[in-house]
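Coordinates as given in protein.csv (CSV, C-alpha atoms):
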chain,number,residue,atom,x,y,z
A,1,MET,CA,0.0,0.0,0.0
A,2,PRO,CA,1.3,3.5,-0.8
A,3,ILE,CA,2.1,5.6,2.3
A,4,GLU,CA,1.7,9.3,1.9
A,5,THR,CA,3.2,11.8,4.3
A,6,LEU,CA,0.8,14.7,5.0
A,7,HIS,CA,0.5,18.0,6.9
A,8,ILE,CA,-3.0,18.9,7.8
A,9,PRO,CA,-3.9,22.5,8.7
A,10,THR,CA,-5.7,22.8,12.0
A,11,GLU,CA,-6.9,25.8,14.1
A,12,ASP,CA,-3.7,25.4,16.2
A,13,GLY,CA,-1.1,24.8,13.5
A,14,ARG,CA,-0.3,21.9,11.1
A,15,ALA,CA,-0.6,18.3,12.1
A,16,ASP,CA,1.8,15.9,10.6
A,17,ALA,CA,0.1,12.6,9.5
A,18,PHE,CA,0.3,9.8,7.0
A,19,ALA,CA,-2.3,8.0,4.9
A,20,ALA,CA,-2.3,4.5,3.5
A,21,PHE,CA,-4.6,3.6,0.6
A,22,PRO,CA,-5.0,1.2,-2.3
A,23,ASP,CA,-3.0,2.3,-5.4
A,24,ASP,CA,-5.8,1.6,-7.9
A,25,GLY,CA,-7.0,5.1,-8.8
A,26,GLU,CA,-10.4,4.4,-7.3
A,27,ARG,CA,-12.2,6.1,-4.4
A,28,HIS,CA,-12.4,4.2,-1.1
A,29,PRO,CA,-14.2,4.8,2.2
A,30,GLY,CA,-12.3,6.9,4.6
A,31,VAL,CA,-11.1,5.7,8.0
A,32,LEU,CA,-9.6,8.0,10.6
A,33,MET,CA,-7.3,6.0,12.8
A,34,TYR,CA,-6.2,7.4,16.2
A,35,ALA,CA,-3.0,5.9,17.6
A,36,ASP,CA,-2.4,4.9,21.2
A,37,GLY,CA,-0.5,7.2,23.5
A,38,PHE,CA,2.9,6.1,22.1
A,39,GLY,CA,1.9,7.7,18.8
A,40,ILE,CA,3.0,7.1,15.2
A,41,ARG,CA,5.6,4.5,14.8
A,42,PRO,CA,6.3,1.5,12.5
A,43,VAL,CA,3.5,-0.7,14.1
A,44,LEU,CA,0.9,2.0,13.3
A,45,ARG,CA,2.1,2.1,9.7
A,46,GLU,CA,1.8,-1.7,9.5
A,47,MET,CA,-1.7,-1.6,10.9
A,48,ALA,CA,-2.8,1.2,8.6
A,49,GLY,CA,-1.4,-0.6,5.6
A,50,GLU,CA,-3.2,-3.8,6.5
A,51,LEU,CA,-6.5,-2.0,6.8
A,52,ALA,CA,-5.9,-0.1,3.6
A,53,GLY,CA,-5.4,-3.5,1.9
A,54,HIS,CA,-9.0,-4.3,2.6
A,55,GLY,CA,-10.1,-1.3,0.5
A,56,TYR,CA,-10.0,1.8,2.7
A,57,TYR,CA,-8.2,5.1,2.8
A,58,VAL,CA,-6.7,5.2,6.3
A,59,LEU,CA,-5.6,8.6,7.8
A,60,VAL,CA,-3.3,8.5,10.9
A,61,PRO,CA,-2.6,11.9,12.4
A,62,ASN,CA,0.1,12.7,15.0
A,63,LEU,CA,-2.2,13.4,18.0
A,64,PHE,CA,0.5,15.5,19.8
A,65,TYR,CA,1.7,17.6,16.9
A,66,ARG,CA,1.5,20.7,19.1
A,67,HIS,CA,4.6,19.3,20.9
A,68,GLY,CA,6.5,18.5,17.7
A,69,PRO,CA,6.5,16.1,14.7
A,70,ALA,CA,6.2,12.4,15.2
A,71,PRO,CA,7.8,10.6,17.0
A,72,VAL,CA,7.3,13.2,19.7
A,73,ILE,CA,9.2,11.1,22.2
A,74,ASP,CA,12.1,8.8,21.7
A,75,LEU,CA,10.8,5.3,21.5
A,76,PRO,CA,12.7,2.0,21.4
A,77,GLU,CA,11.9,-0.6,18.8
A,78,HIS,CA,10.2,-2.7,21.5
A,79,ILE,CA,8.5,-1.1,24.5
A,80,GLY,CA,9.2,-3.7,27.1
A,81,GLY,CA,8.1,-3.8,30.7
A,82,GLU,CA,11.4,-2.6,32.1
A,83,ILE,CA,11.3,0.7,30.2
A,84,ARG,CA,7.6,1.2,30.1
A,85,PRO,CA,7.5,3.4,33.2
A,86,ARG,CA,10.1,5.8,31.7
A,87,VAL,CA,8.1,6.0,28.4
A,88,MET,CA,4.8,6.5,30.2
A,89,ALA,CA,6.3,9.3,32.3
A,90,GLN,CA,7.0,11.1,28.9
A,91,VAL,CA,3.6,10.2,27.4
A,92,MET,CA,1.2,11.2,30.2
A,93,PRO,CA,1.9,14.9,30.1
A,94,LEU,CA,1.1,14.9,26.4
A,95,VAL,CA,-2.1,13.0,27.0
A,96,GLU,CA,-3.2,15.3,29.8
A,97,ALA,CA,-2.5,18.4,27.6
A,98,HIS,CA,-4.7,16.9,24.8
A,99,THR,CA,-8.0,18.4,26.2
A,100,THR,CA,-11.4,17.6,24.9
A,101,GLU,CA,-11.5,21.0,23.2
A,102,ARG,CA,-8.3,20.2,21.3
A,103,VAL,CA,-9.6,16.8,20.4
A,104,LEU,CA,-12.7,18.3,18.8
A,105,ARG,CA,-10.9,21.0,17.0
A,106,ASP,CA,-8.5,18.5,15.5
A,107,ALA,CA,-11.3,16.1,14.6
A,108,ASP,CA,-13.0,18.9,12.6
A,109,ALA,CA,-9.7,19.3,10.7
A,110,TYR,CA,-9.1,15.6,10.1
A,111,LEU,CA,-12.6,14.8,8.9
A,112,GLY,CA,-12.6,18.0,6.8
A,113,PHE,CA,-9.4,16.8,5.2
A,114,LEU,CA,-10.9,13.4,4.4
A,115,SER,CA,-13.8,15.0,2.7
A,116,THR,CA,-11.4,16.8,0.2
A,117,ARG,CA,-9.3,13.8,-0.8
A,118,PRO,CA,-9.8,12.5,-4.4
A,119,GLU,CA,-9.0,9.0,-3.1
A,120,VAL,CA,-11.9,9.1,-0.6
A,121,GLY,CA,-15.5,8.3,-1.5
A,122,THR,CA,-18.3,10.6,-0.9
A,123,GLY,CA,-20.1,8.4,1.7
A,124,PRO,CA,-19.7,8.3,5.5
A,125,VAL,CA,-16.4,7.6,7.2
A,126,ALA,CA,-15.3,5.5,10.1
A,127,VAL,CA,-13.2,6.3,13.1
A,128,THR,CA,-11.1,3.8,15.0
A,129,GLY,CA,-8.7,4.2,17.9
A,130,TYR,CA,-6.4,2.4,20.3
A,131,CYS,CA,-5.9,3.1,24.0
A,132,ILE,CA,-6.5,6.8,24.5
A,133,GLY,CA,-7.3,6.9,20.8
A,134,GLY,CA,-10.4,4.9,21.5
A,135,LEU,CA,-11.8,7.6,23.7
A,136,LEU,CA,-10.9,10.2,21.0
A,137,ALA,CA,-12.7,8.0,18.4
A,138,MET,CA,-15.8,8.1,20.6
A,139,ARG,CA,-15.6,11.8,21.0
A,140,THR,CA,-15.2,12.3,17.3
A,141,ALA,CA,-18.2,10.2,16.5
A,142,ALA,CA,-20.4,12.1,19.0
A,143,ALA,CA,-19.3,15.4,17.5
A,144,HIS,CA,-19.9,14.4,13.9
A,145,PRO,CA,-23.0,12.1,13.8
A,146,GLY,CA,-23.8,13.0,10.2
A,147,GLN,CA,-20.4,12.1,8.9
A,148,VAL,CA,-19.2,9.2,11.1
A,149,ALA,CA,-21.1,6.0,10.5
A,150,ALA,CA,-18.9,3.5,12.4
A,151,VAL,CA,-16.6,3.8,15.4
A,152,ALA,CA,-14.4,1.1,16.9
A,153,ALA,CA,-12.2,1.4,20.1
A,154,PHE,CA,-9.8,-1.1,21.4
A,155,HIS,CA,-8.4,-1.3,24.9
A,156,GLY,CA,-9.5,2.3,25.4
A,157,PRO,CA,-10.9,4.1,28.4
A,158,VAL,CA,-14.2,4.7,26.7
A,159,GLY,CA,-16.2,4.5,29.9
A,160,ALA,CA,-14.8,8.0,30.7
A,161,ALA,CA,-17.0,9.4,27.9
A,162,GLY,CA,-20.1,8.9,29.9
A,163,PRO,CA,-23.9,8.8,29.1
A,164,GLU,CA,-24.1,12.4,27.9
A,165,LEU,CA,-21.6,11.6,25.1
A,166,PHE,CA,-23.1,8.2,24.4
A,167,SER,CA,-26.5,9.8,23.7
A,168,LYS,CA,-24.9,11.8,20.8
A,169,ILE,CA,-23.5,8.9,18.9
A,170,THR,CA,-25.5,7.6,15.9
A,171,ALA,CA,-22.7,5.5,14.5
A,172,ARG,CA,-22.5,1.7,14.8
A,173,VAL,CA,-20.0,1.0,17.5
A,174,HIS,CA,-17.7,-1.9,18.5
A,175,LEU,CA,-15.7,-1.8,21.7
A,176,GLY,CA,-13.0,-4.4,22.3
A,177,HIS,CA,-11.8,-4.4,25.9
A,178,ALA,CA,-8.7,-6.0,27.4
A,179,GLU,CA,-9.5,-8.6,30.1
A,180,GLY,CA,-6.9,-6.8,32.2
A,181,ASP,CA,-8.8,-3.5,32.0
A,182,MET,CA,-12.4,-4.5,32.4
A,183,THR,CA,-14.2,-6.8,34.9
A,184,PRO,CA,-17.4,-8.5,33.9
A,185,GLU,CA,-19.3,-6.3,36.3
A,186,ALA,CA,-17.8,-3.1,34.8
A,187,LEU,CA,-18.6,-4.4,31.3
A,188,GLY,CA,-22.2,-4.9,32.3
A,189,ALA,CA,-22.5,-1.4,33.7
A,190,LEU,CA,-20.9,0.1,30.6
A,191,ASN,CA,-23.1,-1.9,28.2
A,192,GLN,CA,-26.2,-0.9,30.2
A,193,ALA,CA,-25.3,2.7,29.8
A,194,LEU,CA,-24.7,2.3,26.1
A,195,ASP,CA,-28.1,0.5,25.7
A,196,ALA,CA,-29.9,3.2,27.7
A,197,ALA,CA,-28.4,5.8,25.3
A,198,GLY,CA,-29.6,3.9,22.3
A,199,VAL,CA,-26.2,3.2,20.9
A,200,ASP,CA,-26.0,0.4,18.3
A,201,CYS,CA,-23.1,-1.3,19.9
A,202,THR,CA,-21.2,-4.6,20.4
A,203,SER,CA,-19.0,-4.4,23.5
A,204,GLU,CA,-17.0,-7.3,24.7
A,205,ILE,CA,-13.9,-8.4,26.7
A,206,TYR,CA,-11.3,-10.2,24.6
A,207,PRO,CA,-10.2,-13.2,26.6
A,208,GLY,CA,-6.7,-13.5,27.8
A,209,THR,CA,-5.7,-10.0,26.9
A,210,VAL,CA,-4.1,-7.1,28.8
A,211,HIS,CA,-4.0,-3.4,28.0
A,212,GLY,CA,-2.4,-2.6,24.6
A,213,PHE,CA,-2.9,-6.1,23.2
A,214,THR,CA,-3.0,-5.0,19.5
A,215,MET,CA,0.4,-3.4,19.6
A,216,SER,CA,3.1,-5.9,18.4
A,217,ASP,CA,5.9,-3.7,19.6
A,218,THR,CA,4.9,-4.1,23.3
A,219,ASP,CA,4.9,-6.9,25.8
A,220,ALA,CA,1.1,-6.6,25.9
A,221,PHE,CA,0.7,-8.0,22.4
A,222,SER,CA,-1.7,-10.8,21.9
A,223,ALA,CA,-1.9,-12.6,18.6
A,224,SER,CA,-5.3,-14.0,19.3
A,225,GLY,CA,-6.6,-10.7,20.6
A,226,THR,CA,-5.3,-8.9,17.6
A,227,LYS,CA,-6.9,-11.4,15.2
A,228,ARG,CA,-10.2,-11.0,16.9
A,229,HIS,CA,-9.8,-7.2,16.7
A,230,TRP,CA,-9.3,-7.4,12.9
A,231,GLU,CA,-12.3,-9.7,12.5
A,232,ARG,CA,-14.5,-7.3,14.5
A,233,LEU,CA,-13.2,-4.2,12.9
A,234,LEU,CA,-13.5,-5.4,9.3
A,235,SER,CA,-17.0,-6.8,9.9
A,236,LEU,CA,-18.1,-3.4,11.3
A,237,LEU,CA,-16.7,-1.5,8.4
A,238,ASP,CA,-18.0,-3.9,5.8
A,239,ARG,CA,-21.5,-3.6,7.2
A,240,THR,CA,-21.5,0.1,7.6
A,241,LEU,CA,-19.5,1.9,4.9
A,242,THR,CA,-21.5,1.4,1.7
A,243,ASP,CA,-19.5,3.6,-0.6
A,244,ARG,CA,-17.3,0.8,-1.9

Would you encode the structure as structure tokens?
Amino acid sequence: MPIETLHIPTEDGRADAFAAFPDDGERHPGVLMYADGFGIRPVLREMAGELAGHGYYVLVPNLFYRHGPAPVIDLPEHIGGEIRPRVMAQVMPLVEAHTTERVLRDADAYLGFLSTRPEVGTGPVAVTGYCIGGLLAMRTAAAHPGQVAAVAAFHGPVGAAGPELFSKITARVHLGHAEGDMTPEALGALNQALDAAGVDCTSEIYPGTVHGFTMSDTDAFSASGTKRHWERLLSLLDRTLTDR
């Protein structure tokens, strides 16, 4: 899949980003992919390329562009348990500075960008995210109900969104939770809140997984959890994005 480096104008500057898409001259449904807190790195390029191979234009922005181009922090090839605390100490201030107001301003820019691309179809788009990116995906879907038809979040703190945000979501939703993040009781309460808000949603715990299970450059990686993630994500997109 071609990988195109991009710079997207926002209200606060220019966000560096990349896009992966089929090199066939056709239009394809757009997918906005939010990275986890570690940001853009080779594993995200691999994941975007794999999704693009199924017939999608996948846009991956640098969430923390206000602090510099990606990679914003120095990351090793493998984020193992022994260095994770050091990396997290660098990541958390960036996450905390990325306020809801910033998230929504950036989402306007990213979705607006997708609507201008000649490689992207004219139909609705999807948003997917990992870890903190999952919460960003939910916030984006709530703010753009007319444009976002599908949203998927994996090992993300989506419960922090709350019922008020859930009630604004019209997209179909899939939530894939890490077993290490979510108890069955907490899952039941979350799903009850989603149902009460009228969200068309599947929400499940992926067995035997811990937080970050989709990221192959971390100790959290789970091959079975990642396979399940692709199955759920592709099924959601295939059922929802009709401009194919």

* For Ser167 (chain A), which residue out of A:Asp181, A:Ala193, A:Ala52, A:Phe154 is the nearest one, using all atoms listed in the file? -> A:Ala193

Would you kindly return, as a PDB file with C-alpha atoms, keeping the file's coordinate frame, each protein, DNA or RNA residue with an atom no farther than 7 Å from any atom of region 58-67 of chain A, considering all atoms listed in the file and excluding same-chain residues fewer than 4 positions away?
ATOM      1  CA  ALA A  15      -0.600  18.300  12.100  1.00  0.00           C
ATOM      2  CA  ASP A  16       1.800  15.900  10.600  1.00  0.00           C
ATOM      3  CA  ALA A  17       0.100  12.600   9.500  1.00  0.00           C
ATOM      4  CA  PHE A  18       0.300   9.800   7.000  1.00  0.00           C
ATOM      5  CA  ALA A  19      -2.300   8.000   4.900  1.00  0.00           C
ATOM      6  CA  ALA A  20      -2.300   4.500   3.500  1.00  0.00           C
ATOM      7  CA  PHE A  21      -4.600   3.600   0.600  1.00  0.00           C
ATOM      8  CA  GLY A  30     -12.300   6.900   4.600  1.00  0.00           C
ATOM      9  CA  VAL A  31     -11.100   5.700   8.000  1.00  0.00           C
ATOM     10  CA  LEU A  32      -9.600   8.000  10.600  1.00  0.00           C
ATOM     11  CA  MET A  33      -7.300   6.000  12.800  1.00  0.00           C
ATOM     12  CA  TYR A  34      -6.200   7.400  16.200  1.00  0.00           C
ATOM     13  CA  GLY A  39       1.900   7.700  18.800  1.00  0.00           C
ATOM     14  CA  ILE A  40       3.000   7.100  15.200  1.00  0.00           C
ATOM     15  CA  ALA A  48      -2.800   1.200   8.600  1.00  0.00           C
ATOM     16  CA  ALA A  52      -5.900  -0.100   3.600  1.00  0.00           C
ATOM     17  CA  VAL A  72       7.300  13.200  19.700  1.00  0.00           C
ATOM     18  CA  LEU A  94       1.100  14.900  26.400  1.00  0.00           C
TER      19      LEU A  94
END

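CA of Arg172 (chain A) is positioned 22.7 Å from CA of Phe213 (chain A).
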
* Pick the closest to Ala142 (chain A) from A:Ala223, A:Leu114, A:Ala171, A:Ala126: which is it, counting all atoms listed in the file? -> A:Ala171

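Among the candidates A:Val87, A:Leu51, A:Val120, A:Met138, the one nearest to Gly25 (chain A) when counting all atoms listed in the file is A:Val120.
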
* Within 12 Å of (-17.6, 13.3, 23.2), in the coordinates the file gives, what residues turn up when you count all atoms listed in the file, written out as a VMD selection string? -> chain A and resid 99 to 105 107 134 to 145 158 to 169

I want to know what sits within 10 Å of His174 (chain A), based on all atoms listed in the file, with residues of the same chain fewer than 4 positions away left out; could you give that as a PDB file with C-alpha atoms, keeping the file's coordinate frame?
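Now in out_0.pdb:
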ATOM      1  CA  THR A 128     -11.100   3.800  15.000  1.00  0.00           C
ATOM      2  CA  ALA A 150     -18.900   3.500  12.400  1.00  0.00           C
ATOM      3  CA  VAL A 151     -16.600   3.800  15.400  1.00  0.00           C
ATOM      4  CA  ALA A 152     -14.400   1.100  16.900  1.00  0.00           C
ATOM      5  CA  ALA A 153     -12.200   1.400  20.100  1.00  0.00           C
ATOM      6  CA  PHE A 154      -9.800  -1.100  21.400  1.00  0.00           C
ATOM      7  CA  ASP A 200     -26.000   0.400  18.300  1.00  0.00           C
ATOM      8  CA  CYS A 201     -23.100  -1.300  19.900  1.00  0.00           C
ATOM      9  CA  THR A 202     -21.200  -4.600  20.400  1.00  0.00           C
ATOM     10  CA  SER A 203     -19.000  -4.400  23.500  1.00  0.00           C
ATOM     11  CA  GLU A 204     -17.000  -7.300  24.700  1.00  0.00           C
ATOM     12  CA  HIS A 229      -9.800  -7.200  16.700  1.00  0.00           C
ATOM     13  CA  ARG A 232     -14.500  -7.300  14.500  1.00  0.00           C
ATOM     14  CA  LEU A 233     -13.200  -4.200  12.900  1.00  0.00           C
ATOM     15  CA  SER A 235     -17.000  -6.800   9.900  1.00  0.00           C
ATOM     16  CA  LEU A 236     -18.100  -3.400  11.300  1.00  0.00           C
TER      17      LEU A 236
END

* Hey, can you check how far CA of Val210 (chain A) sits from CA of Gly180 (chain A)? -> 4.4 Å

* Asked: Separation of CA of Thr5 (chain A) and CA of Gly129 (chain A), in Å?
  -> 19.6 Å

* Asked: If you count all atoms listed in the file, which residues fall within 7 Å of Tyr206 (chain A), apart from same-chain ones fewer than 5 positions away, as a PyMOL selection string?
  -> chain A and resi 176-179+225

* Residues within 6 Å of (-4.4, -1.5, 23.9), counting only C-alpha atoms, listed as a ChimeraX atom specification -> /A:130-131,154-155,211-214

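Neighbouring residues of His54 (chain A) at 9 Å or closer, counting all atoms listed in the file and skipping chain neighbours under 5 positions away, are Pro22, Gly49 and Leu234 of chain A.
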
* Could you check which of A:Arg239, A:Thr226, A:Thr218, A:Pro9 is closest to Gly81 (chain A), using all atoms listed in the file? => A:Thr218

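Nearest residue to Asp23 (chain A), choosing from A:Ala35, A:Ala186, A:Met1, A:Ala109 and counting all atoms listed in the file: A:Met1.
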
* Structure fact -> From the list A:Pro69, A:Ile205, A:His78, A:Asp106, the nearest residue to Asp12 (chain A) using only C-alpha atoms is A:Asp106

Output region 82-105 of chain A as a compact mmCIF listing (two decimals), keeping the file's coordinate frame, making sure N, CA and C atoms are there.
# COMPACT_ATOMS: atom_id res chain seq x y z
N GLU A 82 10.38 -3.26 31.29
CA GLU A 82 11.40 -2.60 32.10
C GLU A 82 11.55 -1.12 31.75
N ILE A 83 11.18 -0.73 30.52
CA ILE A 83 11.30 0.70 30.20
C ILE A 83 9.95 1.38 30.06
N ARG A 84 8.88 0.62 30.21
CA ARG A 84 7.60 1.20 30.10
C ARG A 84 7.33 2.39 31.05
N PRO A 85 7.72 2.28 32.33
CA PRO A 85 7.50 3.40 33.20
C PRO A 85 8.17 4.70 32.74
N ARG A 86 9.38 4.59 32.20
CA ARG A 86 10.10 5.80 31.70
C ARG A 86 9.32 6.37 30.50
N VAL A 87 8.86 5.51 29.60
CA VAL A 87 8.10 6.00 28.40
C VAL A 87 6.81 6.61 28.85
N MET A 88 6.10 5.97 29.79
CA MET A 88 4.80 6.50 30.20
C MET A 88 4.98 7.86 30.92
N ALA A 89 6.08 8.05 31.61
CA ALA A 89 6.30 9.30 32.30
C ALA A 89 6.45 10.46 31.23
N GLN A 90 6.89 10.12 30.02
CA GLN A 90 7.00 11.10 28.90
C GLN A 90 5.62 11.28 28.24
N VAL A 91 4.87 10.19 28.15
CA VAL A 91 3.60 10.20 27.40
C VAL A 91 2.49 10.91 28.17
N MET A 92 2.38 10.69 29.46
CA MET A 92 1.20 11.20 30.20
C MET A 92 1.04 12.68 30.15
N PRO A 93 2.11 13.50 30.24
CA PRO A 93 1.90 14.90 30.10
C PRO A 93 1.29 15.33 28.74
N LEU A 94 1.65 14.58 27.69
CA LEU A 94 1.10 14.90 26.40
C LEU A 94 -0.39 14.51 26.34
N VAL A 95 -0.74 13.37 26.92
CA VAL A 95 -2.10 13.00 27.00
C VAL A 95 -2.97 13.95 27.78
N GLU A 96 -2.44 14.36 28.92
CA GLU A 96 -3.20 15.30 29.80
C GLU A 96 -3.36 16.65 29.13
N ALA A 97 -2.41 17.06 28.30
CA ALA A 97 -2.50 18.40 27.60
C ALA A 97 -3.48 18.31 26.43
N HIS A 98 -3.83 17.09 26.00
CA HIS A 98 -4.70 16.90 24.80
C HIS A 98 -6.16 16.97 25.31
N THR A 99 -6.63 18.16 25.59
CA THR A 99 -8.00 18.40 26.20
C THR A 99 -9.07 18.03 25.19
N THR A 100 -10.27 17.89 25.72
CA THR A 100 -11.40 17.60 24.90
C THR A 100 -11.58 18.69 23.80
N GLU A 101 -11.35 19.94 24.17
CA GLU A 101 -11.50 21.00 23.20
C GLU A 101 -10.46 20.85 22.06
N ARG A 102 -9.26 20.45 22.38
CA ARG A 102 -8.30 20.20 21.30
C ARG A 102 -8.66 19.00 20.48
N VAL A 103 -9.15 17.97 21.12
CA VAL A 103 -9.60 16.80 20.40
C VAL A 103 -10.63 17.15 19.35
N LEU A 104 -11.62 17.94 19.74
CA LEU A 104 -12.70 18.30 18.80
C LEU A 104 -12.29 19.21 17.73
N ARG A 105 -11.40 20.16 18.04
CA ARG A 105 -10.90 21.00 17.00
C ARG A 105 -10.11 20.23 15.94
